[in-house]
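*Asks:* Input final_27.cif, format and content: mmCIF, C-alpha atoms and all ligand atoms.
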```
data_model
loop_
_atom_site.label_atom_id
_atom_site.label_comp_id
_atom_site.auth_asym_id
_atom_site.auth_seq_id
_atom_site.Cartn_x
_atom_site.Cartn_y
_atom_site.Cartn_z
CA MET A 865 0.00 0.00 0.00
CA ALA A 866 1.28 3.45 -0.86
CA VAL A 867 2.67 5.87 1.67
CA ILE A 868 0.70 9.10 1.24
CA SER A 869 2.97 12.01 1.94
CA THR A 870 2.94 15.78 1.88
CA GLN A 871 6.49 15.84 3.23
CA HIS A 872 9.35 16.90 1.00
CA THR A 873 11.54 14.48 2.97
CA SER A 874 9.70 11.68 1.16
CA LEU A 875 11.08 12.86 -2.18
CA ASN A 876 14.34 10.97 -1.88
CA ALA A 877 12.59 7.80 -0.72
CA ALA A 878 10.13 8.12 -3.61
CA ALA A 879 13.01 8.68 -6.07
CA ALA A 880 14.75 5.57 -4.70
CA ALA A 881 11.52 3.57 -5.14
CA LEU A 882 11.31 4.75 -8.77
CA ARG A 883 14.94 3.78 -9.42
CA SER A 884 14.19 0.30 -8.09
CA GLY A 885 11.34 -0.07 -10.60
CA GLN A 886 8.38 0.82 -8.38
CA LEU A 887 5.53 3.24 -9.16
CA VAL A 888 5.01 6.67 -7.54
CA VAL A 889 2.04 9.02 -7.90
CA PHE A 890 3.07 12.67 -8.07
CA PRO A 891 1.32 16.00 -8.68
CA THR A 892 1.70 18.09 -11.83
CA GLU A 893 -0.02 21.36 -12.74
CA THR A 894 -2.45 19.44 -14.99
CA VAL A 895 -3.45 16.20 -13.22
CA TYR A 896 -1.71 13.71 -10.92
CA GLY A 897 0.62 11.35 -12.78
CA LEU A 898 1.49 7.69 -12.15
CA GLY A 899 5.27 7.73 -12.53
CA ALA A 900 7.72 5.02 -13.55
CA LEU A 901 11.32 5.09 -14.77
CA ALA A 902 11.02 5.81 -18.52
CA ARG A 903 13.99 3.65 -19.53
CA ASP A 904 12.99 0.60 -17.44
CA ASP A 905 10.89 -1.90 -19.45
CA ARG A 906 9.86 -3.82 -16.36
CA ALA A 907 8.76 -0.72 -14.44
CA VAL A 908 6.81 0.45 -17.49
CA ALA A 909 5.19 -2.99 -17.88
CA ARG A 910 4.19 -2.80 -14.19
CA LEU A 911 2.65 0.63 -14.85
CA TYR A 912 0.55 -0.60 -17.82
CA ASP A 913 -0.59 -3.51 -15.67
CA ALA A 914 -1.42 -1.33 -12.63
CA LYS A 915 -3.59 1.04 -14.73
CA ARG A 916 -4.95 -1.80 -16.87
CA ARG A 917 -3.95 0.36 -19.84
CA PRO A 918 -3.78 -1.20 -23.30
CA GLN A 919 -0.11 -1.44 -24.33
CA VAL A 920 -0.90 0.13 -27.70
CA ASN A 921 -1.50 3.47 -25.93
CA PRO A 922 1.89 5.27 -25.59
CA LEU A 923 3.03 7.24 -22.54
CA ILE A 924 4.39 10.77 -22.09
CA SER A 925 7.98 11.08 -20.78
CA HIS A 926 8.52 13.86 -18.23
CA PHE A 927 11.79 15.79 -17.95
CA ALA A 928 13.14 18.42 -15.56
CA THR A 929 14.43 20.73 -18.32
CA ALA A 930 13.40 21.70 -21.85
CA GLU A 931 16.89 20.87 -23.06
CA ALA A 932 16.68 17.29 -21.78
CA ALA A 933 13.17 16.89 -23.23
CA CYS A 934 14.17 18.18 -26.70
CA ASP A 935 17.34 16.05 -26.68
CA ALA A 936 15.27 12.92 -26.02
CA GLY A 937 14.01 12.97 -29.60
CA ILE A 938 14.74 14.64 -32.92
CA SER A 939 13.75 18.23 -32.26
CA SER A 940 12.68 20.79 -34.86
CA PRO A 941 12.49 24.60 -35.04
CA VAL A 942 8.74 24.51 -34.27
CA ALA A 943 9.30 22.20 -31.30
CA GLU A 944 12.07 24.43 -29.94
CA HIS A 945 9.89 27.50 -30.39
CA LEU A 946 6.98 25.92 -28.48
CA ALA A 947 9.29 24.52 -25.81
CA THR A 948 10.83 27.93 -25.16
CA ALA A 949 7.43 29.60 -24.99
CA PHE A 950 5.56 27.09 -22.82
CA TRP A 951 7.91 24.87 -20.76
CA PRO A 952 7.69 24.22 -17.95
CA GLY A 953 3.95 24.04 -18.60
CA PRO A 954 0.91 22.04 -19.73
CA LEU A 955 2.24 21.15 -23.18
CA THR A 956 3.40 17.81 -24.61
CA LEU A 957 5.38 17.57 -27.86
CA ILE A 958 5.57 14.49 -30.07
CA LEU A 959 9.02 14.10 -31.63
CA ARG A 960 10.69 11.41 -33.72
CA ARG A 961 12.79 8.94 -31.71
CA HIS A 962 16.52 8.51 -32.16
CA THR A 963 18.71 5.62 -31.11
CA GLN A 964 19.74 7.31 -27.84
CA SER A 965 16.19 8.18 -26.72
CA PRO A 966 16.00 7.58 -22.95
CA THR A 967 12.48 6.10 -23.09
CA CYS A 968 12.08 2.34 -23.55
CA LEU A 969 10.20 1.12 -26.62
CA LEU A 970 7.41 -0.36 -24.51
CA ALA A 971 6.56 3.14 -23.21
CA THR A 972 6.06 4.42 -26.75
CA ALA A 973 4.09 1.35 -27.83
CA GLY A 974 6.95 0.37 -30.12
CA MET A 975 6.49 3.49 -32.26
CA ASP A 976 9.32 5.51 -33.81
CA ASN A 977 8.26 8.66 -31.98
CA LEU A 978 7.90 9.80 -28.39
CA ALA A 979 5.91 12.33 -26.40
CA VAL A 980 7.87 14.64 -24.07
CA ARG A 981 6.89 17.26 -21.54
CA VAL A 982 8.34 19.45 -18.75
CA PRO A 983 5.69 19.80 -16.03
CA ASN A 984 5.30 23.07 -14.15
CA HIS A 985 5.08 21.79 -10.59
CA PRO A 986 7.91 22.02 -8.05
CA LEU A 987 7.30 18.53 -6.62
CA ALA A 988 7.27 16.93 -10.07
CA LEU A 989 10.48 18.69 -11.12
CA GLN A 990 12.22 17.86 -7.83
CA LEU A 991 11.15 14.22 -8.11
CA ILE A 992 12.52 13.90 -11.67
CA GLU A 993 15.77 15.55 -10.58
CA ALA A 994 16.11 13.38 -7.47
CA THR A 995 15.47 10.27 -9.58
CA GLY A 996 18.10 11.42 -12.06
CA SER A 997 16.13 10.04 -14.98
CA PRO A 998 13.00 10.92 -16.99
CA LEU A 999 9.67 9.51 -15.80
CA VAL A 1000 6.78 8.26 -17.86
CA ALA A 1001 3.53 9.39 -16.27
CA PRO A 1002 0.01 8.82 -17.52
CA SER A 1003 -2.79 10.31 -15.46
CA ALA A 1004 -3.01 8.39 -12.16
CA ASN A 1005 -6.40 6.75 -12.77
CA MET A 1006 -7.46 3.30 -13.87
CA SER A 1007 -7.62 3.26 -17.69
CA GLY A 1008 -10.78 4.97 -18.99
CA LYS A 1009 -11.74 6.51 -15.64
CA LEU A 1010 -11.77 10.12 -14.42
CA SER A 1011 -8.38 11.83 -14.09
CA PRO A 1012 -7.28 12.77 -10.54
CA THR A 1013 -6.69 16.42 -9.68
CA CYS A 1014 -5.96 15.87 -5.97
CA ALA A 1015 -4.45 13.03 -3.93
CA ALA A 1016 -7.86 11.98 -2.56
CA HIS A 1017 -8.98 11.11 -6.12
CA ILE A 1018 -6.46 8.25 -6.38
CA SER A 1019 -8.45 5.01 -6.27
CA ALA A 1020 -7.67 2.42 -3.60
CA GLU A 1021 -7.05 -0.08 -6.41
CA LEU A 1022 -4.26 2.05 -7.87
CA ALA A 1023 -2.90 3.22 -4.50
CA ALA A 1024 -2.36 -0.43 -3.55
CA LYS A 1025 0.05 -0.80 -6.48
CA CYS A 1026 2.37 2.15 -5.85
CA ALA A 1027 5.10 2.86 -3.32
CA PHE A 1028 4.27 6.52 -2.70
CA ILE A 1029 1.58 9.09 -3.36
CA LEU A 1030 3.16 12.54 -3.13
CA ASP A 1031 0.45 15.01 -2.15
CA GLY A 1032 0.94 18.48 -3.64
CA GLY A 1033 -2.63 19.72 -3.13
CA PRO A 1034 -5.08 20.42 -5.97
CA CYS A 1035 -3.72 20.75 -9.53
CA SER A 1036 -3.84 24.35 -10.77
CA GLU A 1037 -4.79 23.63 -14.41
CA GLY A 1038 -7.02 20.61 -13.79
CA LEU A 1039 -6.96 19.33 -17.39
CA GLU A 1040 -4.33 17.21 -19.15
CA SER A 1041 -1.63 18.88 -21.25
CA THR A 1042 -2.18 19.96 -24.85
CA VAL A 1043 -0.45 17.39 -27.10
CA ILE A 1044 1.15 18.74 -30.30
CA ASP A 1045 2.60 16.51 -32.99
CA CYS A 1046 5.83 18.21 -34.14
CA ARG A 1047 7.13 15.46 -36.43
CA GLU A 1048 6.17 17.16 -39.69
CA ASP A 1049 6.81 20.74 -40.82
CA THR A 1050 3.21 21.60 -39.95
CA ALA A 1051 2.68 21.03 -36.22
CA ILE A 1052 -0.81 19.94 -35.22
CA ILE A 1053 -2.77 19.61 -31.96
CA VAL A 1054 -3.76 15.99 -31.34
CA ARG A 1055 -5.24 16.52 -27.85
CA PRO A 1056 -6.78 19.88 -26.88
CA GLY A 1057 -5.71 21.18 -23.48
CA PRO A 1058 -4.78 24.29 -21.50
CA ILE A 1059 -2.44 25.64 -24.21
CA THR A 1060 -4.94 26.81 -26.83
CA PRO A 1061 -4.33 27.88 -30.48
CA ALA A 1062 -5.04 31.51 -29.43
CA LEU A 1063 -2.43 31.32 -26.67
CA ILE A 1064 0.12 29.78 -29.07
CA LEU A 1065 -0.52 32.48 -31.65
CA ALA A 1066 -0.25 35.27 -29.07
CA LYS A 1067 2.99 33.96 -27.57
CA THR A 1068 4.81 32.59 -30.62
CA GLY A 1069 3.08 33.88 -33.75
CA LEU A 1070 2.60 30.24 -34.83
CA LYS A 1071 -0.76 29.18 -36.25
CA ILE A 1072 -1.42 25.64 -35.04
CA GLY A 1073 -4.74 23.89 -35.61
CA PHE A 1074 -6.47 20.72 -34.43
CA ALA A 1075 -5.77 17.38 -36.08
CA GLU A 1076 -9.34 16.34 -36.58
CA THR A 1077 -12.08 17.67 -34.41
CA PRO A 1078 -14.46 14.99 -33.20
CA ILE A 1079 -17.10 17.57 -32.22
CA THR A 1080 -18.75 20.47 -34.02
CA SER A 1081 -19.48 23.90 -32.60
CA ASP A 1082 -22.93 22.78 -31.50
CA GLY A 1083 -21.50 19.77 -29.72
CA LYS A 1084 -22.45 17.07 -32.28
CA VAL A 1085 -20.11 14.16 -32.96
CA ILE A 1086 -18.65 14.26 -36.50
CA SER A 1087 -16.93 10.92 -36.40
CA PRO A 1088 -18.34 8.48 -33.85
CA GLY A 1089 -15.22 6.34 -34.34
CA LEU A 1090 -13.10 9.03 -32.71
CA MET A 1091 -15.41 9.29 -29.76
CA THR A 1092 -14.12 6.45 -27.59
CA SER A 1093 -15.27 6.39 -24.00
CA HIS A 1094 -12.66 7.87 -21.67
CA TYR A 1095 -12.47 10.05 -18.55
CA ALA A 1096 -15.68 8.31 -17.52
CA PRO A 1097 -17.34 8.49 -14.13
CA ASN A 1098 -19.54 5.59 -12.98
CA ALA A 1099 -22.62 7.82 -13.34
CA THR A 1100 -24.15 8.52 -16.75
CA ILE A 1101 -23.56 11.99 -18.20
CA ARG A 1102 -26.06 14.12 -20.14
CA LEU A 1103 -24.50 17.12 -21.89
CA ASN A 1104 -25.91 20.51 -22.87
CA ALA A 1105 -28.63 20.25 -20.22
CA THR A 1106 -30.60 23.33 -19.21
CA SER A 1107 -32.03 21.76 -16.05
CA ALA A 1108 -31.93 18.48 -14.15
CA ARG A 1109 -34.42 15.64 -14.40
CA ASP A 1110 -35.66 14.17 -11.11
CA ASP A 1111 -32.90 11.63 -10.69
CA GLU A 1112 -30.03 13.81 -11.95
CA LEU A 1113 -27.45 15.98 -10.24
CA PHE A 1114 -27.03 19.21 -12.21
CA ILE A 1115 -23.65 20.84 -12.81
CA GLY A 1116 -24.08 24.42 -14.03
CA PHE A 1117 -21.86 26.88 -15.88
CA GLY A 1118 -22.42 30.63 -15.81
CA VAL A 1119 -25.74 32.20 -14.91
CA PRO A 1120 -28.40 29.43 -14.76
CA PRO A 1121 -31.77 29.79 -16.55
CA ASP A 1122 -34.54 31.39 -14.44
CA GLY A 1123 -35.83 29.05 -11.75
CA VAL A 1124 -32.90 26.61 -12.04
CA THR A 1125 -30.49 26.14 -9.14
CA PRO A 1126 -27.55 23.92 -10.08
CA ASP A 1127 -26.30 21.45 -7.43
CA LEU A 1128 -22.70 22.32 -8.36
CA SER A 1129 -21.18 24.93 -10.66
CA LEU A 1130 -18.08 24.80 -12.87
CA SER A 1131 -18.01 28.60 -12.69
CA GLN A 1132 -20.82 30.90 -11.64
CA THR A 1133 -19.25 33.73 -13.64
CA GLY A 1134 -18.77 31.60 -16.79
CA ASP A 1135 -14.97 31.61 -16.45
CA LEU A 1136 -13.47 28.79 -18.57
CA THR A 1137 -10.16 28.75 -16.66
CA GLU A 1138 -12.04 28.15 -13.42
CA ALA A 1139 -14.18 25.48 -15.12
CA CYS A 1140 -11.02 23.72 -16.36
CA ALA A 1141 -9.52 23.65 -12.87
CA LEU A 1142 -12.74 22.30 -11.31
CA LEU A 1143 -13.95 19.88 -14.03
CA PHE A 1144 -12.55 16.55 -12.80
CA SER A 1145 -12.96 17.52 -9.17
CA LEU A 1146 -16.70 18.21 -9.60
CA LEU A 1147 -17.16 15.05 -11.66
CA HIS A 1148 -15.50 12.98 -8.90
CA ASP A 1149 -17.72 14.70 -6.33
CA ALA A 1150 -20.91 14.26 -8.39
CA ASP A 1151 -20.01 10.64 -9.10
CA SER A 1152 -19.88 9.88 -5.37
CA ARG A 1153 -23.37 11.36 -4.90
CA THR A 1154 -25.48 10.26 -7.85
CA ARG A 1155 -25.94 7.78 -10.69
CA HIS A 1156 -26.92 10.39 -13.26
CA ILE A 1157 -25.20 13.71 -14.00
CA ALA A 1158 -26.53 16.53 -16.21
CA ILE A 1159 -24.15 19.29 -17.32
CA ALA A 1160 -24.92 22.76 -18.67
CA PRO A 1161 -23.52 23.71 -22.11
CA ILE A 1162 -19.91 24.92 -22.20
CA PRO A 1163 -19.03 27.30 -25.07
CA MET A 1164 -16.92 25.71 -27.84
CA ALA A 1165 -14.18 28.35 -27.76
CA ASP A 1166 -10.71 28.69 -26.25
CA LEU A 1167 -10.44 26.38 -23.22
CA GLY A 1168 -14.02 25.26 -23.82
CA ILE A 1169 -12.76 23.07 -26.68
CA ALA A 1170 -10.63 20.99 -24.30
CA ILE A 1171 -13.40 20.87 -21.68
CA ASN A 1172 -15.94 19.70 -24.28
CA ASP A 1173 -13.44 17.12 -25.57
CA ARG A 1174 -13.23 15.55 -22.10
CA LEU A 1175 -16.99 15.82 -21.51
CA MET A 1176 -17.86 14.18 -24.84
CA ARG A 1177 -15.59 11.26 -24.01
CA ALA A 1178 -16.97 11.05 -20.46
CA ALA A 1179 -20.49 10.91 -21.91
CA ALA A 1180 -19.67 8.48 -24.74
CA GLU A 1181 -21.17 5.02 -24.75
CA ARG A 1182 -19.15 2.77 -22.44
CA PRO A 1183 -17.46 -0.37 -23.81
O1 LIG A 1201 -1.02 16.48 -18.47
C1 LIG A 1201 -0.66 15.37 -18.85
O2 LIG A 1201 -0.27 15.16 -20.02
C2 LIG A 1201 -0.71 14.23 -17.82
C3 LIG A 1201 0.29 14.52 -16.70
C4 LIG A 1201 0.39 13.40 -15.70
O3 LIG A 1201 1.54 14.84 -17.25
N1 LIG A 1201 -0.47 12.98 -18.46
C5 LIG A 1201 -1.37 12.40 -19.29
O4 LIG A 1201 -0.97 11.16 -19.77
O5 LIG A 1201 -2.43 12.90 -19.57
P1 LIG A 1201 -2.02 10.13 -20.41
O6 LIG A 1201 -1.24 8.89 -20.62
O7 LIG A 1201 -3.21 10.02 -19.54
O8 LIG A 1201 -2.37 10.76 -21.79
C6 LIG A 1201 -1.36 10.84 -22.80
C7 LIG A 1201 -1.97 11.01 -24.16
C8 LIG A 1201 -2.67 9.75 -24.60
O9 LIG A 1201 -3.85 10.11 -25.28
C9 LIG A 1201 -1.66 9.12 -25.55
O10 LIG A 1201 -2.29 8.33 -26.52
C10 LIG A 1201 -0.97 10.33 -26.15
O11 LIG A 1201 -0.92 11.28 -25.09
N2 LIG A 1201 0.42 10.02 -26.56
C11 LIG A 1201 1.45 9.70 -25.76
N3 LIG A 1201 2.56 9.43 -26.49
C12 LIG A 1201 2.22 9.58 -27.78
C13 LIG A 1201 2.91 9.41 -29.01
N4 LIG A 1201 4.17 9.05 -29.07
N5 LIG A 1201 2.22 9.64 -30.15
C14 LIG A 1201 0.91 10.00 -30.10
N6 LIG A 1201 0.20 10.16 -28.97
C15 LIG A 1201 0.84 9.95 -27.83
MG MG A 1202 -5.22 9.85 -19.03
#
```
Rewrite the structure of this file - the entire thing - as structure tokens.
*Replies:*
Amino acid sequence: MAVISTQHTSLNAAAAALRSGQLVVFPTETVYGLGALARDDRAVARLYDAKRRPQVNPLISHFATAEAACDAGISSPVAEHLATAFWPGPLTLILRRHTQSPTCLLATAGMDNLAVRVPNHPLALQLIEATGSPLVAPSANMSGKLSPTCAAHISAELAAKCAFILDGGPCSEGLESTVIDCREDTAIIVRPGPITPALILAKTGLKIGFAETPITSDGKVISPGLMTSHYAPNATIRLNATSARDDELFIGFGVPPDGVTPDLSLSQTGDLTEACALLFSLLHDADSRTRHIAIAPIPMADLGIAINDRLMRAAAERP
């Protein structure tokens, strides 16, 4: 069973556990990660097993510096530009592998590329430095379930399989990193997240779009094949709701319609940054209280694109 710790003195013990092939949960600014030594096949196999994650789904490698992250693969001018602008921060870059890449092939599902990121959280950076090696870290949830944004969200099933849970309080961003494929000349967003196209344009002048959007501006699914169930609570989810049915718990956003009092609110002022930070936390909370959740519409703009991406997957038909 994991030692749950808020003490910095546990860092060295947690780093030693990682070096010996064990798993450690640690906080990042996005969500909590389930860490393992990136170069250690057996540790990575243990991680896939612990999360019950299909081995075809590759992992992100986490580094303490942008230089180390860019050196792990074949970098490019676009990748360097994004790295300089946003690391440490909620951004993941996909690069081509090279023969010296410090991430084992199992962690990248045998592919000739790898995903790298420098998290913006002191505990995460200190842990990577103390370990002396990059860490792969998927979100610290069982595969397909809600992502954890505080230590209390880690399921007992997962906690039983790791040596430490480092508690760094609630995650500031609350949503997984934006993933950008930088392997071709034209970089492209393959997972929407806190770093939006508008933010990228403002900070770098680069115009980067989405790979293929599975949802339209009015929330309809374009390609059902892309809409696999993920980030799912146990409760059912009904999107774009204006009020709750009798058996539903209602999560609002912004000013509710007349006569409607939401049970919970992602942001009473309609602030998307606040909604991002609270999303998984409110879904965990609602899931512990009800079997059916209804959620108010979230605008399909800026951060709303990433929020709707997660909500559509949470609401998708379960396997
Ligand atoms: O914010 C985050 O990115 C968090 C924290 C812990 O760092 N991590 C995270 O990892 O969300 P995970 O495993 O839950 O999601 C990683 C996503 C998956 O959708 C995976 O398929 C994709 O990134 N991915 C990872 N490596 C890839 C690669 N080489 N090529 C394409 N997609 C990749
Ligand atoms: Mg995940």
*Asks:* Please give me, as a PDB file with C-alpha atoms, in the frame of the given file, the residues lying within 9 Å of ligand MG 1202 (chain A) when counting only C-alpha atoms and all ligand atoms.
*Replies:*
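selection.pdb, freshly written:
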```pdb
ATOM      1  CA  VAL A 895      -3.450  16.200 -13.220  1.00  0.00           C
ATOM      2  CA  GLY A 897       0.620  11.350 -12.780  1.00  0.00           C
ATOM      3  CA  PRO A1002       0.010   8.820 -17.520  1.00  0.00           C
ATOM      4  CA  SER A1003      -2.790  10.310 -15.460  1.00  0.00           C
ATOM      5  CA  ALA A1004      -3.010   8.390 -12.160  1.00  0.00           C
ATOM      6  CA  ASN A1005      -6.400   6.750 -12.770  1.00  0.00           C
ATOM      7  CA  MET A1006      -7.460   3.300 -13.870  1.00  0.00           C
ATOM      8  CA  SER A1007      -7.620   3.260 -17.690  1.00  0.00           C
ATOM      9  CA  GLY A1008     -10.780   4.970 -18.990  1.00  0.00           C
ATOM     10  CA  LYS A1009     -11.740   6.510 -15.640  1.00  0.00           C
ATOM     11  CA  LEU A1010     -11.770  10.120 -14.420  1.00  0.00           C
ATOM     12  CA  SER A1011      -8.380  11.830 -14.090  1.00  0.00           C
ATOM     13  CA  GLU A1040      -4.330  17.210 -19.150  1.00  0.00           C
ATOM     14  CA  HIS A1094     -12.660   7.870 -21.670  1.00  0.00           C
ATOM     15  CA  TYR A1095     -12.470  10.050 -18.550  1.00  0.00           C
TER      16      TYR A1095
END
```
*Asks:* Enumerate as a PyMOL selection string the residues within 8 Å of ligand LIG 1201 (chain A), counting all atoms listed in the file.
*Replies:* chain A and resi 891-898+921-924+926+954-956+958-959+972-973+975-981+983+1001-1004+1011+1039-1043+1045+1054-1055
*Asks:* Calculate how many Å separate CA of Asp1135 in chain A from CA of Ile1059 in chain A, rounding to one decimal.
*Replies:*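 Result for CA of Asp1135 in chain A versus CA of Ile1059 in chain A: 15.9 Å, one decimal.
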*Asks:* Write out as a ChimeraX atom specification which residues come within 12 Å of Arg1182 in chain A when counting all atoms listed in the file, dropping same-chain ones fewer than 4 positions away.
*Replies:* /A:1008-1009,1091-1101,1176-1178
*Asks:* Give me, please, the distance in Å between CA of Gly1134 in chain A and CA of Leu1167 in chain A, quoted to one decimal.
*Replies:*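 Interatomic distance, CA of Gly1134 in chain A to CA of Leu1167 in chain A: 11.7 Å.
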*Asks:* Considering all atoms listed in the file, can you say which of A:Gly937, A:Gly1073, A:Pro1061, A:Gly1038 comes closest to Asp1166 in chain A?
*Replies:*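 The shortest atom-to-atom distance to Asp1166 in chain A comes from A:Pro1061.
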*Asks:* One decimal, Å: what's the distance from CA of Pro1058 in chain A over to CA of Leu970 in chain A, could you say?
*Replies:* 27.7 Å
*Asks:* Would you please work out which residue, of A:Cys1035, A:Ala1075, A:Leu1030, A:Cys968, is nearest to Asn984 in chain A when using all atoms listed in the file?
*Replies:*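 Closest candidate: A:Cys1035.
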*Asks:* At a cut-off of 9 Å, using all atoms listed in the file, what residues contact Ala1024 in chain A? Leave out same-chain residues fewer than 3 positions from it and give the result as a PyMOL selection string.
*Replies:* chain A and resi 865-866+1019-1021+1027
*Asks:* Just the residues within 10 Å of Pro1163 in chain A, please, counting all atoms listed in the file, with nothing from its chain fewer than 2 positions along; format it as a list of chain:residue names.
*Replies:*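 Final neighbour list, sorted by chain and number: A:Ser1081, A:Asp1082, A:Gly1083, A:Asn1104, A:Phe1117, A:Gly1134, A:Leu1136, A:Ala1160, A:Pro1161, A:Ala1165, A:Asp1166, A:Leu1167, A:Gly1168, A:Ile1169, A:Ile1171, A:Asn1172.
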*Asks:* With all atoms listed in the file as the counted atoms, please give the residues lying no more than 10 Å from Glu1138 in chain A, apart from itself and same-chain residues fewer than 6 positions off, as a list in words.
*Replies:*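 Everything that qualifies: Ser1036, Glu1037, Gly1038, Leu1130, Ser1131 and Gln1132 of chain A.
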*Asks:* Store the residues picked out above in a file with C-alpha atoms, as a PDB file, in the frame of the given file.
*Replies:*
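The result, written out as again32.pdb:
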```pdb
ATOM      1  CA  SER A1036      -3.840  24.350 -10.770  1.00  0.00           C
ATOM      2  CA  GLU A1037      -4.790  23.630 -14.410  1.00  0.00           C
ATOM      3  CA  GLY A1038      -7.020  20.610 -13.790  1.00  0.00           C
ATOM      4  CA  LEU A1130     -18.080  24.800 -12.870  1.00  0.00           C
ATOM      5  CA  SER A1131     -18.010  28.600 -12.690  1.00  0.00           C
ATOM      6  CA  GLN A1132     -20.820  30.900 -11.640  1.00  0.00           C
TER       7      GLN A1132
END
```
*Asks:* For Lys1071 in chain A, list every protein, DNA or RNA residue within 9 Å, evaluated using all atoms listed in the file, and leave out those in the same chain fewer than 4 positions away; present the list as a list in words.
*Replies:*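 Counting only the stated atoms, we get Ala1051, Pro1061, Ala1062, Ile1064 and Leu1065 of chain A.
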*Asks:* Looking at A:Ala1180, A:Ala1158, A:Leu882, A:Ile1018, which one is nearest to Leu911 in chain A, with distances taken over all atoms listed in the file?
*Replies:*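 Nearest to Leu911 in chain A: A:Leu882.
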*Asks:* Select, from A:Ala1141, A:Ile1157, A:Leu1147, A:Ala936, the residue with the minimum atom-to-atom distance to Ala1105 in chain A, counting all atoms listed in the file.
*Replies:*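 Answer, going by the shortest atom-to-atom distance: A:Ile1157.
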*Asks:* For Ala900 in chain A, which residue among A:Asp1031, A:Ser997, A:His945, A:Ala1108 is the nearest when counting only C-alpha atoms?
*Replies:* A:Ser997
*Asks:* Can you list every residue of range 983-1099 of chain A that has an atom at most 7 Å from range 902-906 of chain A, with its nearest atom pair and the distance in Å to one decimal, using all atoms listed in the file, ordered by chain then number, as CSV?
*Replies:*
```
residue,atom,partner,partner_atom,distance
A:Pro998,CA,A:Ala902,CA,5.7
A:Leu999,CA,A:Ala902,CA,4.8
A:Val1000,CA,A:Ala902,CA,4.9
```
